[in-house]
file upload.cif (mmCIF, C-alpha atoms)
data_final
loop_
_atom_site.label_atom_id
_atom_site.label_comp_id
_atom_site.auth_asym_id
_atom_site.auth_seq_id
_atom_site.Cartn_x
_atom_site.Cartn_y
_atom_site.Cartn_z
CA LYS A 1181 214.66 95.47 -16.00
CA PHE A 1182 216.61 95.92 -19.24
CA HIS A 1183 214.10 93.79 -21.14
CA ARG A 1184 211.14 95.64 -19.60
CA ASP A 1185 212.59 99.05 -20.47
CA MET A 1186 213.32 98.01 -24.04
CA GLU A 1187 209.80 96.63 -24.46
CA GLU A 1188 208.41 99.95 -23.29
CA TYR A 1189 210.30 101.62 -26.16
CA GLY A 1190 208.68 99.17 -28.54
CA PHE A 1191 211.67 96.86 -29.16
CA ASP A 1192 210.58 93.45 -30.44
CA PHE A 1193 212.85 90.74 -28.95
CA ALA A 1194 211.33 88.21 -31.35
CA LEU A 1195 213.52 89.78 -34.04
CA LEU A 1196 216.63 88.61 -32.21
CA GLU A 1197 215.23 85.11 -31.79
CA ASP A 1198 214.53 84.90 -35.53
CA GLU A 1199 217.91 86.29 -36.52
CA GLU A 1200 220.16 84.07 -34.37
CA PRO A 1201 219.39 80.70 -36.03
CA THR A 1202 220.01 82.28 -39.46
CA GLN A 1203 223.42 83.49 -38.40
CA ARG A 1204 224.32 80.04 -37.13
CA ALA A 1205 222.79 78.10 -40.02
CA LYS A 1206 225.08 75.37 -41.30
CA CYS A 1207 225.03 73.08 -44.29
CA ALA A 1208 223.62 69.69 -43.37
CA LYS A 1209 226.22 67.88 -45.51
CA CYS A 1210 229.58 69.62 -45.04
CA LYS A 1211 228.67 71.07 -41.60
CA LYS A 1212 230.13 74.44 -42.56
CA PRO A 1213 228.35 77.80 -42.22
CA LEU A 1214 226.26 78.36 -45.32
CA ARG A 1215 228.42 81.25 -46.50
CA VAL A 1216 231.44 78.93 -46.75
CA CYS A 1217 229.65 75.74 -47.78
CA TYR A 1218 231.85 73.77 -50.20
CA CYS A 1219 229.29 71.24 -51.42
CA SER A 1220 229.25 72.77 -54.91
CA PHE A 1221 232.81 71.47 -55.36
CA LEU A 1222 231.99 67.90 -54.28
CA PRO A 1223 231.41 65.00 -56.67
CA PRO A 1224 227.74 63.92 -57.02
CA ALA A 1225 228.46 60.72 -55.06
CA LEU A 1226 231.26 59.35 -52.89
CA LEU A 1227 234.07 57.95 -55.01
CA PRO A 1228 235.40 54.39 -54.76
CA SER A 1229 239.02 53.41 -54.18
CA SER A 1230 240.79 50.07 -54.43
CA VAL A 1231 242.42 50.58 -51.03
CA ARG A 1232 240.99 51.77 -47.74
CA ILE A 1233 242.24 55.07 -46.36
CA VAL A 1234 242.77 54.80 -42.59
CA VAL A 1235 243.36 58.04 -40.69
CA MET A 1236 244.77 58.00 -37.17
CA GLN A 1237 243.69 61.43 -36.06
CA HIS A 1238 245.00 63.39 -33.09
CA PRO A 1239 242.03 64.50 -30.93
CA LYS A 1240 242.91 68.18 -31.36
CA GLU A 1241 242.50 67.92 -35.13
CA ARG A 1242 238.79 67.26 -34.74
CA GLU A 1243 238.45 70.76 -33.31
CA GLN A 1244 240.24 72.48 -36.19
CA ALA A 1245 238.01 74.57 -38.45
CA HIS A 1246 240.12 73.68 -41.49
CA ASN A 1247 240.55 69.97 -40.81
CA THR A 1248 240.87 68.38 -44.25
CA VAL A 1249 239.88 64.87 -43.13
CA GLU A 1250 236.29 66.16 -43.12
CA VAL A 1251 236.77 66.96 -46.78
CA LEU A 1252 237.95 63.39 -47.42
CA SER A 1253 234.83 62.02 -45.75
CA ASN A 1254 232.71 63.89 -48.30
CA VAL A 1255 234.72 62.74 -51.32
CA ILE A 1256 235.80 59.09 -50.91
CA GLU A 1257 233.75 56.22 -49.55
CA ASN A 1258 236.48 53.80 -48.42
CA LEU A 1259 237.60 55.84 -45.41
CA THR A 1260 238.03 55.03 -41.72
CA VAL A 1261 238.95 57.63 -39.09
CA THR A 1262 240.05 56.72 -35.57
CA SER A 1263 240.89 59.33 -32.95
CA GLY A 1264 243.52 59.12 -30.21
CA ARG A 1265 247.17 59.44 -29.26
CA ARG A 1266 248.02 55.93 -28.10
CA PHE A 1267 246.43 52.86 -29.59
CA LYS A 1268 246.56 49.27 -28.34
CA ASP A 1269 247.06 47.86 -31.82
CA PHE A 1270 246.47 48.47 -35.50
CA PRO A 1271 243.14 50.04 -36.48
CA GLN A 1272 240.56 47.35 -37.16
CA GLY A 1273 241.23 45.47 -40.38
CA CYS A 1274 244.86 46.60 -40.63
CA THR A 1275 247.79 44.21 -40.27
CA ALA A 1276 251.52 44.33 -40.93
CA GLN A 1277 250.88 42.29 -44.08
CA ASN A 1278 248.14 44.38 -45.71
CA SER A 1279 248.98 47.98 -44.77
CA ILE A 1280 251.48 50.73 -45.44
CA LEU A 1281 252.06 53.96 -43.55
CA VAL A 1282 252.41 57.30 -45.30
CA PHE A 1283 254.89 59.03 -43.01
CA PRO A 1284 258.39 60.44 -43.65
CA SER A 1285 260.27 58.28 -41.15
CA ARG A 1286 263.98 57.51 -41.61
CA GLU A 1287 263.13 54.16 -43.17
CA ALA A 1288 260.44 55.51 -45.50
CA VAL A 1289 260.76 54.82 -49.22
CA THR A 1290 259.76 57.53 -51.68
CA LEU A 1291 256.52 56.62 -53.40
CA VAL A 1292 256.50 57.90 -56.96
CA ASP A 1293 254.44 55.30 -58.78
CA CYS A 1294 253.46 51.76 -57.85
CA GLU A 1295 254.94 50.37 -61.07
CA THR A 1296 258.39 51.84 -60.40
CA ALA A 1297 258.50 51.25 -56.63
CA PRO A 1298 261.51 49.48 -55.06
CA GLN A 1299 261.24 45.69 -54.83
CA GLU A 1300 260.57 45.60 -51.07
CA LEU A 1301 257.70 48.04 -51.53
CA GLN A 1302 256.37 46.16 -54.55
CA HIS A 1303 255.72 43.15 -52.33
CA ALA A 1304 253.84 45.27 -49.81
CA LEU A 1305 251.79 46.87 -52.55
CA SER A 1306 250.83 43.50 -54.02
CA THR A 1307 248.87 42.62 -50.86
CA LEU A 1308 247.87 46.17 -49.97
CA LYS A 1309 244.42 46.83 -48.54
CA ASN A 1310 244.99 49.80 -46.22
CA VAL A 1311 246.92 53.06 -46.46
CA ILE A 1312 247.43 54.63 -43.05
CA PHE A 1313 247.88 58.36 -42.42
CA ILE A 1314 248.54 60.30 -39.22
CA ASP A 1315 246.44 63.45 -39.10
CA ALA A 1316 248.07 65.93 -36.73
CA THR A 1317 250.45 68.86 -36.54
CA TRP A 1318 254.02 67.77 -37.18
CA ASN A 1319 254.97 67.58 -33.48
CA PHE A 1320 251.86 65.61 -32.58
CA ALA A 1321 252.34 63.33 -35.61
CA LEU A 1322 255.82 62.47 -34.34
CA GLU A 1323 254.34 61.82 -30.91
CA ILE A 1324 251.77 59.39 -32.32
CA PHE A 1325 254.37 57.63 -34.46
CA HIS A 1326 256.75 57.05 -31.53
CA ALA A 1327 253.98 56.20 -29.05
CA ASN A 1328 252.63 53.36 -31.19
CA PRO A 1329 255.35 50.76 -31.91
CA PHE A 1330 253.14 48.71 -34.23
CA LEU A 1331 253.45 51.53 -36.78
CA HIS A 1332 257.16 50.70 -37.04
CA THR A 1333 256.41 47.15 -38.20
CA ILE A 1334 254.83 48.10 -41.53
CA PRO A 1335 256.44 49.61 -44.65
CA ALA A 1336 256.54 53.40 -44.53
CA VAL A 1337 256.42 55.57 -47.62
CA LYS A 1338 256.96 59.26 -48.18
CA LEU A 1339 255.57 61.31 -51.03
CA GLU A 1340 257.55 63.13 -53.68
CA ILE A 1341 256.19 66.67 -53.40
CA ASN A 1342 257.49 69.33 -55.76
CA GLU A 1343 254.85 72.00 -55.26
CA CYS A 1344 253.66 74.02 -52.28
CA SER A 1345 250.36 73.12 -50.67
CA THR A 1346 247.17 74.19 -52.43
CA PHE A 1347 245.43 74.38 -49.07
CA PHE A 1348 247.12 77.48 -47.64
CA LEU A 1349 244.57 78.08 -44.85
CA ARG A 1350 246.92 76.55 -42.27
CA THR A 1351 250.62 77.40 -42.13
CA PRO A 1352 252.77 74.34 -43.01
CA PRO A 1353 255.90 73.58 -40.95
CA ALA A 1354 258.04 73.52 -44.11
CA LYS A 1355 257.79 74.60 -47.76
CA PHE A 1356 256.72 71.31 -49.30
CA CYS A 1357 254.47 70.01 -46.51
CA VAL A 1358 250.88 69.32 -47.50
CA SER A 1359 247.58 68.72 -45.72
CA THR A 1360 246.35 65.21 -44.92
CA ALA A 1361 243.79 65.35 -47.73
CA GLU A 1362 246.45 66.39 -50.25
CA ALA A 1363 248.73 63.58 -49.08
CA CYS A 1364 245.86 61.14 -49.47
CA ALA A 1365 245.17 62.41 -53.00
CA LEU A 1366 248.82 62.01 -54.02
CA ALA A 1367 249.07 58.53 -52.49
CA LEU A 1368 245.89 57.33 -54.20
CA LYS A 1369 247.12 58.62 -57.56
CA ALA A 1370 250.39 56.68 -57.15
CA ILE A 1371 248.93 53.47 -55.72
CA ASP A 1372 245.41 52.99 -57.06
CA ARG A 1373 245.65 52.52 -60.81
CA GLN A 1374 241.91 51.89 -61.14
CA HIS A 1375 240.41 54.80 -59.22
CA GLY A 1376 243.33 56.88 -57.97
CA SER A 1377 243.47 59.60 -60.62
CA VAL A 1378 239.76 60.36 -60.37
CA ALA A 1379 239.89 60.48 -56.56
CA HIS A 1380 243.01 62.66 -56.66
CA ASP A 1381 241.41 65.20 -58.99
CA ALA A 1382 238.18 65.30 -56.97
CA ILE A 1383 239.96 65.88 -53.65
CA MET A 1384 242.17 68.59 -55.12
CA LYS A 1385 239.17 70.29 -56.73
CA VAL A 1386 237.45 70.63 -53.35
CA LEU A 1387 240.57 71.90 -51.59
CA GLN A 1388 241.21 74.41 -54.37
CA GLY A 1389 237.60 75.55 -54.20
CA ILE A 1390 237.78 76.10 -50.44
CA ALA A 1391 241.06 78.00 -50.83
CA ASP A 1392 239.57 80.18 -53.57
CA GLN A 1393 236.56 80.93 -51.37
CA HIS A 1394 238.84 81.99 -48.53
CA ARG A 1395 240.94 84.12 -50.85
CA ALA A 1396 237.80 85.86 -52.18
CA PHE A 1397 236.55 86.61 -48.67
CA SER A 1398 239.96 87.98 -47.69
CA THR A 1399 240.09 90.19 -50.79
CA ASN A 1400 236.61 91.57 -50.11
CA GLY A 1401 237.38 92.09 -46.43
CA GLN A 1402 234.70 89.68 -45.24
#
call {"tool": "encode", "arguments": {"input": "upload.cif", "output": "structure tokens"}}
result
Amino acid sequence: KFHRDMEEYGFDFALLEDEEPTQRAKCAKCKKPLRVCYCSFLPPALLPSSVRIVVMQHPKEREQAHNTVEVLSNVIENLTVTSGRRFKDFPQGCTAQNSILVFPSREAVTLVDCETAPQELQHALSTLKNVIFIDATWNFALEIFHANPFLHTIPAVKLEINECSTFFLRTPPAKFCVSTAEACALALKAIDRQHGSVAHDAIMKVLQGIADQHRAFSTNGQ
């Protein structure tokens, strides 16, 4: 009856049908609404890296609007993402001999630069093929770390972070905590002497661009 009454007053429902897809339109590449598309900040092509980035992602992170692993997938080519809480074994291609874990466990060694790393880490870096990250909130990251004993069998490193996160869209649990993409950028810069600096700068450029977009929208009240 509502539709019939509105039609009698001359309302054209086709206008609503045309308007709805426009409101929901998303970028085919970054999958974001067009008004917050970040493709203009991306490099022209995916960037190489000498090591593979392996992300063990908590299922809830896939639902987050500001999940930075999606940014990584649009910047670097050597990336594998696996979702879950408990895993039977290492992600495919990872072993205790060719992988390190970026996670601030009690045994983790601070990673400043591969050339000045402690001797035990130097050996691990000499055969390194995979750098593993846990993508989750801090509590869920701890859960994944403790629920998967194989993660305790590989060298763990922690990053030396002296600045607050660039990506302020999600509240960090502590002052010098950073997003997964920022951690990846810092690790690549320290480990990958061939491609790391370029990948680091490209990742940080995208994150800064997204943050600037958000800041502009907030300032304009959008």
call {"tool": "resolve_selection", "arguments": {"input": "upload.cif", "expression": "the PyMOL selection byres ((chain A and resi 1365-1378) around 8)", "output": "ChimeraX atom specification"}}
result
/A:1228-1231,1291-1294,1305,1339,1361-1364,1379-1384
call {"tool": "residues_around", "arguments": {"input": "upload.cif", "residues": "Leu1214 of chain A", "least_positions_apart": "4", "cutoff": "7 Å", "atoms": "all atoms listed in the file", "output": "VMD selection string"}}
result
chain A and resid 1205 to 1207
call {"tool": "resolve_selection", "arguments": {"input": "upload.cif", "expression": "the PyMOL selection byres ((chain A and resi 1225) around 12)", "output": "list in words"}}
result
Cys1219, Phe1221, Leu1222, Pro1223, Pro1224, Leu1226, Leu1227, Pro1228, Ser1253, Asn1254, Val1255, Ile1256, Glu1257, Ala1379 and Ala1382 of chain A
call {"tool": "write_last_selection", "arguments": {"input": "upload.cif", "atoms": "C-alpha atoms", "output": "PDB file, in the frame of the given file"}}
result
ATOM      1  CA  CYS A1219     229.290  71.240 -51.420  1.00  0.00           C
ATOM      2  CA  PHE A1221     232.810  71.470 -55.360  1.00  0.00           C
ATOM      3  CA  LEU A1222     231.990  67.900 -54.280  1.00  0.00           C
ATOM      4  CA  PRO A1223     231.410  65.000 -56.670  1.00  0.00           C
ATOM      5  CA  PRO A1224     227.740  63.920 -57.020  1.00  0.00           C
ATOM      6  CA  LEU A1226     231.260  59.350 -52.890  1.00  0.00           C
ATOM      7  CA  LEU A1227     234.070  57.950 -55.010  1.00  0.00           C
ATOM      8  CA  PRO A1228     235.400  54.390 -54.760  1.00  0.00           C
ATOM      9  CA  SER A1253     234.830  62.020 -45.750  1.00  0.00           C
ATOM     10  CA  ASN A1254     232.710  63.890 -48.300  1.00  0.00           C
ATOM     11  CA  VAL A1255     234.720  62.740 -51.320  1.00  0.00           C
ATOM     12  CA  ILE A1256     235.800  59.090 -50.910  1.00  0.00           C
ATOM     13  CA  GLU A1257     233.750  56.220 -49.550  1.00  0.00           C
ATOM     14  CA  ALA A1379     239.890  60.480 -56.560  1.00  0.00           C
ATOM     15  CA  ALA A1382     238.180  65.300 -56.970  1.00  0.00           C
TER      16      ALA A1382
END
call {"tool": "closest_residue", "arguments": {"input": "upload.cif", "among": "A:Leu1387, A:Leu1331, A:Ile1314, A:Val1282", "to": "Lys1268 of chain A", "atoms": "all atoms listed in the file"}}
result
A:Leu1331
call {"tool": "closest_residue", "arguments": {"input": "upload.cif", "among": "A:Val1358, A:Ala1321, A:Val1386, A:Val1234", "to": "Arg1265 of chain A", "atoms": "all atoms listed in the file"}}
result
A:Ala1321
call {"tool": "closest_residue", "arguments": {"input": "upload.cif", "among": "A:Gln1244, A:Glu1250, A:Ile1334, A:Leu1281", "to": "Lys1209 of chain A", "atoms": "all atoms listed in the file"}}
result
A:Glu1250
call {"tool": "closest_residue", "arguments": {"input": "upload.cif", "among": "A:Cys1274, A:Val1261, A:Val1337, A:Ala1327", "to": "Lys1309 of chain A", "atoms": "only C-alpha atoms"}}
result
A:Cys1274
call {"tool": "build_atoms", "arguments": {"input": "upload.cif", "residues": "segment 1206-1227 of chain A", "atoms": "N, CA, C and O atoms", "output": "short mmCIF file (atom, residue, chain, number, x, y, z; two decimals), in the frame of the given file"}}
result
data_model
loop_
_atom_site.label_atom_id
_atom_site.label_comp_id
_atom_site.auth_asym_id
_atom_site.auth_seq_id
_atom_site.Cartn_x
_atom_site.Cartn_y
_atom_site.Cartn_z
N LYS A 1206 223.99 76.12 -40.69
CA LYS A 1206 225.08 75.37 -41.30
C LYS A 1206 224.54 74.40 -42.33
O LYS A 1206 223.39 73.96 -42.26
N CYS A 1207 225.39 74.07 -43.27
CA CYS A 1207 225.03 73.08 -44.29
C CYS A 1207 224.90 71.71 -43.64
O CYS A 1207 225.75 71.30 -42.84
N ALA A 1208 223.85 71.00 -43.98
CA ALA A 1208 223.62 69.69 -43.37
C ALA A 1208 224.65 68.65 -43.82
O ALA A 1208 224.89 67.68 -43.11
N LYS A 1209 225.28 68.87 -44.98
CA LYS A 1209 226.22 67.88 -45.51
C LYS A 1209 227.65 68.15 -45.06
O LYS A 1209 228.29 67.29 -44.45
N CYS A 1210 228.17 69.34 -45.36
CA CYS A 1210 229.58 69.62 -45.04
C CYS A 1210 229.78 70.21 -43.65
O CYS A 1210 230.91 70.37 -43.19
N LYS A 1211 228.65 70.55 -42.97
CA LYS A 1211 228.67 71.07 -41.60
C LYS A 1211 229.34 72.44 -41.47
O LYS A 1211 229.68 72.86 -40.38
N LYS A 1212 229.53 73.11 -42.58
CA LYS A 1212 230.13 74.44 -42.56
C LYS A 1212 229.03 75.50 -42.59
O LYS A 1212 227.91 75.24 -43.05
N PRO A 1213 229.32 76.71 -42.06
CA PRO A 1213 228.35 77.80 -42.22
C PRO A 1213 227.99 77.96 -43.69
O PRO A 1213 228.82 77.75 -44.58
N LEU A 1214 226.74 78.32 -43.95
CA LEU A 1214 226.26 78.36 -45.32
C LEU A 1214 227.10 79.26 -46.22
O LEU A 1214 227.27 78.98 -47.41
N ARG A 1215 227.64 80.33 -45.67
CA ARG A 1215 228.42 81.25 -46.50
C ARG A 1215 229.73 80.64 -46.98
O ARG A 1215 230.33 81.13 -47.95
N VAL A 1216 230.20 79.58 -46.32
CA VAL A 1216 231.44 78.93 -46.75
C VAL A 1216 231.21 77.45 -47.07
O VAL A 1216 232.13 76.65 -47.05
N CYS A 1217 229.97 77.11 -47.37
CA CYS A 1217 229.65 75.74 -47.78
C CYS A 1217 230.45 75.38 -49.04
O CYS A 1217 230.56 76.17 -49.97
N TYR A 1218 231.03 74.17 -49.05
CA TYR A 1218 231.85 73.77 -50.20
C TYR A 1218 231.21 72.63 -51.00
O TYR A 1218 231.87 72.01 -51.85
N CYS A 1219 229.95 72.37 -50.77
CA CYS A 1219 229.29 71.24 -51.42
C CYS A 1219 229.24 71.37 -52.94
O CYS A 1219 229.16 70.36 -53.65
N SER A 1220 229.28 72.59 -53.45
CA SER A 1220 229.25 72.77 -54.91
C SER A 1220 230.51 72.22 -55.58
O SER A 1220 230.53 71.99 -56.79
N PHE A 1221 231.57 72.00 -54.80
CA PHE A 1221 232.81 71.47 -55.36
C PHE A 1221 232.89 69.95 -55.24
O PHE A 1221 233.81 69.33 -55.78
N LEU A 1222 231.95 69.34 -54.53
CA LEU A 1222 231.99 67.90 -54.28
C LEU A 1222 231.48 67.11 -55.48
O LEU A 1222 230.64 67.60 -56.24
N PRO A 1223 231.96 65.87 -55.63
CA PRO A 1223 231.41 65.00 -56.67
C PRO A 1223 229.96 64.63 -56.32
O PRO A 1223 229.56 64.72 -55.15
N PRO A 1224 229.14 64.24 -57.30
CA PRO A 1224 227.74 63.92 -57.02
C PRO A 1224 227.56 62.75 -56.06
O PRO A 1224 226.53 62.66 -55.37
N ALA A 1225 228.53 61.86 -55.98
CA ALA A 1225 228.46 60.72 -55.06
C ALA A 1225 229.87 60.42 -54.56
O ALA A 1225 230.86 60.81 -55.19
N LEU A 1226 229.95 59.73 -53.43
CA LEU A 1226 231.26 59.35 -52.89
C LEU A 1226 231.99 58.46 -53.89
O LEU A 1226 231.39 57.58 -54.52
N LEU A 1227 233.28 58.66 -54.01
CA LEU A 1227 234.07 57.95 -55.01
C LEU A 1227 234.70 56.69 -54.43
O LEU A 1227 235.15 56.69 -53.28
#
